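Okay, run.csv is below, CSV, C-alpha atoms:
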chain,number,residue,atom,x,y,z
A,1,MET,CA,-51.5,11.1,-36.2
A,2,GLU,CA,-49.3,9.4,-38.8
A,3,ALA,CA,-46.1,10.4,-36.9
A,4,LEU,CA,-47.4,8.6,-33.8
A,5,LEU,CA,-47.8,5.3,-35.7
A,6,LYS,CA,-44.2,5.1,-36.9
A,7,PRO,CA,-42.6,1.8,-35.9
A,8,GLU,CA,-39.6,3.5,-34.3
A,9,LEU,CA,-41.8,5.5,-32.0
A,10,LEU,CA,-44.0,2.6,-31.0
A,11,VAL,CA,-40.8,0.6,-30.2
A,12,ALA,CA,-39.4,3.5,-28.2
A,13,MET,CA,-42.7,3.9,-26.3
A,14,ALA,CA,-42.8,0.2,-25.5
A,15,ALA,CA,-39.2,0.4,-24.2
A,16,THR,CA,-40.1,3.4,-22.1
A,17,VAL,CA,-43.1,1.6,-20.5
A,18,LEU,CA,-40.8,-1.4,-19.6
A,19,ALA,CA,-38.1,1.0,-18.3
A,20,GLY,CA,-40.8,2.8,-16.2
A,21,ILE,CA,-41.8,-0.5,-14.7
A,22,VAL,CA,-38.2,-1.3,-13.8
A,23,ARG,CA,-37.8,2.2,-12.3
A,24,GLY,CA,-41.0,1.7,-10.3
A,25,PHE,CA,-39.8,-1.5,-8.7
A,26,SER,CA,-36.2,-0.6,-8.2
A,27,GLY,CA,-36.0,3.2,-8.1
A,28,PHE,CA,-33.4,3.3,-10.9
A,29,GLY,CA,-32.3,1.7,-14.1
A,30,ALA,CA,-34.7,3.2,-16.6
A,31,ALA,CA,-32.0,4.9,-18.7
A,32,ALA,CA,-29.9,1.7,-18.6
A,33,MET,CA,-32.8,-0.2,-20.3
A,34,GLN,CA,-33.6,2.6,-22.7
A,35,ALA,CA,-30.0,3.5,-23.8
A,36,PRO,CA,-29.2,0.6,-26.1
A,37,LEU,CA,-32.5,0.7,-28.0
A,38,PHE,CA,-32.8,4.5,-28.2
A,39,SER,CA,-29.2,4.7,-29.5
A,40,ILE,CA,-30.2,2.3,-32.3
A,41,LEU,CA,-33.4,4.1,-33.1
A,42,TYR,CA,-32.1,7.6,-32.9
A,43,SER,CA,-28.7,9.3,-32.9
A,44,PRO,CA,-26.8,9.0,-29.6
A,45,PRO,CA,-27.1,12.7,-28.8
A,46,GLN,CA,-30.9,12.5,-29.3
A,47,ALA,CA,-31.1,9.4,-27.2
A,48,VAL,CA,-29.2,10.9,-24.3
A,49,ALA,CA,-31.2,14.1,-24.4
A,50,THR,CA,-34.5,12.1,-24.5
A,51,MET,CA,-33.4,9.9,-21.6
A,52,ALA,CA,-32.2,12.9,-19.6
A,53,GLY,CA,-35.5,14.7,-20.1
A,54,LEU,CA,-37.6,11.6,-19.2
A,55,GLY,CA,-35.5,11.0,-16.1
A,56,THR,CA,-35.9,14.6,-15.0
A,57,LEU,CA,-39.7,14.5,-15.5
A,58,ALA,CA,-39.9,11.3,-13.6
A,59,SER,CA,-37.9,12.7,-10.7
A,60,LEU,CA,-39.9,16.0,-10.4
A,61,GLN,CA,-42.5,14.3,-8.3
A,62,LEU,CA,-39.9,13.8,-5.6
A,63,LEU,CA,-38.9,17.4,-5.4
A,64,PRO,CA,-41.5,18.7,-2.9
A,65,GLY,CA,-40.6,16.1,-0.3
A,66,ALA,CA,-36.9,16.5,-0.9
A,67,VAL,CA,-37.2,20.3,-0.4
A,68,ARG,CA,-39.0,19.8,2.9
A,69,GLU,CA,-36.6,17.1,4.2
A,70,ALA,CA,-33.3,18.6,3.1
A,71,ASP,CA,-30.7,19.7,5.6
A,72,TRP,CA,-30.2,23.1,4.0
A,73,ARG,CA,-27.1,23.9,6.1
A,74,VAL,CA,-25.4,21.0,4.3
A,75,VAL,CA,-27.0,21.2,0.9
A,76,LEU,CA,-26.7,25.0,0.3
A,77,PRO,CA,-22.8,25.2,0.6
A,78,LEU,CA,-22.5,22.1,-1.6
A,79,THR,CA,-24.9,23.6,-4.2
A,80,VAL,CA,-23.0,26.9,-4.3
A,81,THR,CA,-19.7,25.1,-4.6
A,82,GLY,CA,-21.0,23.0,-7.4
A,83,TRP,CA,-22.4,26.0,-9.3
A,84,LEU,CA,-19.0,27.7,-9.1
A,85,THR,CA,-16.7,24.7,-9.9
A,86,ILE,CA,-18.7,22.6,-12.4
A,87,PRO,CA,-18.1,25.2,-15.3
A,88,LEU,CA,-14.4,24.9,-14.7

Spell out the structure here as structure tokens.
Amino acid sequence: MEALLKPELLVAMAATVLAGIVRGFSGFGAAAMQAPLFSILYSPPQAVATMAGLGTLASLQLLPGAVREADWRVVLPLTVTGWLTIPL
């Protein structure tokens, strides 16, 4: 319980709530609001990993609808090409 009351975590939580409100209204921008503060509170690699994880979790709710509405004849070749070329 003591770890949850650290000032750094409370500030990060407040920033995340505000960033969530911005994302809710605009559909983007949460990481742009979190990045400066998270980079001050934590190391930049930790900040980036945290924001990537939060962004992924926030976007998971969109996955079922996106899978249903995707034009797989277009998406599948692009996905395979990306998997093959991104490591290069």

Exercise. So how far away is CA of Ala15 (chain A) from CA of Ala30 (chain A), in Å?
Worked result: 9.3 Å

For this session: For CA of Leu4 (chain A) and CA of Thr56 (chain A), determine how far apart the two atoms are, in Å to one decimal place.
Result: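 One can read the CA of Leu4 (chain A) to CA of Thr56 (chain A) distance as 22.8 Å.
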
Problem set entry | Between CA of Ala12 (chain A) and CA of Gly29 (chain A), distance in Å (one decimal) |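 Going from CA of Ala12 (chain A) over to CA of Gly29 (chain A), I get 15.9 Å.
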
Problem set entry | Nearest to Leu54 (chain A) by atom-to-atom distance, counting all atoms listed in the file, from A:Ile21, A:Ala31, A:Ala14, A:Leu88 |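 When distances to Leu54 (chain A) are compared using all atoms listed in the file, the smallest one comes from A:Ala31.
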
Exercise. Leaving out Leu41 (chain A) and any residue of its chain fewer than 5 positions from it, which residues lie within 12 Å of it when counting all atoms listed in the file, given as a PyMOL selection string?
Worked result: chain A and resi 6-13+15+34-36+46-48+50

Exercise. With distances taken over all atoms listed in the file, which of A:Leu60, A:Ala3, A:Leu78, A:Met51 is nearest to Ser39 (chain A)?
Worked result: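 Of A:Leu60, A:Ala3, A:Leu78, A:Met51, the one nearest Ser39 (chain A), counting all atoms listed in the file, is A:Met51.
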
Exercise. Smallest atom-to-atom distance to Thr16 (chain A): which of A:Val80, A:Phe28, A:Phe38, A:Leu57, using all atoms listed in the file?
Worked result: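 The shortest atom-to-atom distance to Thr16 (chain A) comes from A:Phe38.
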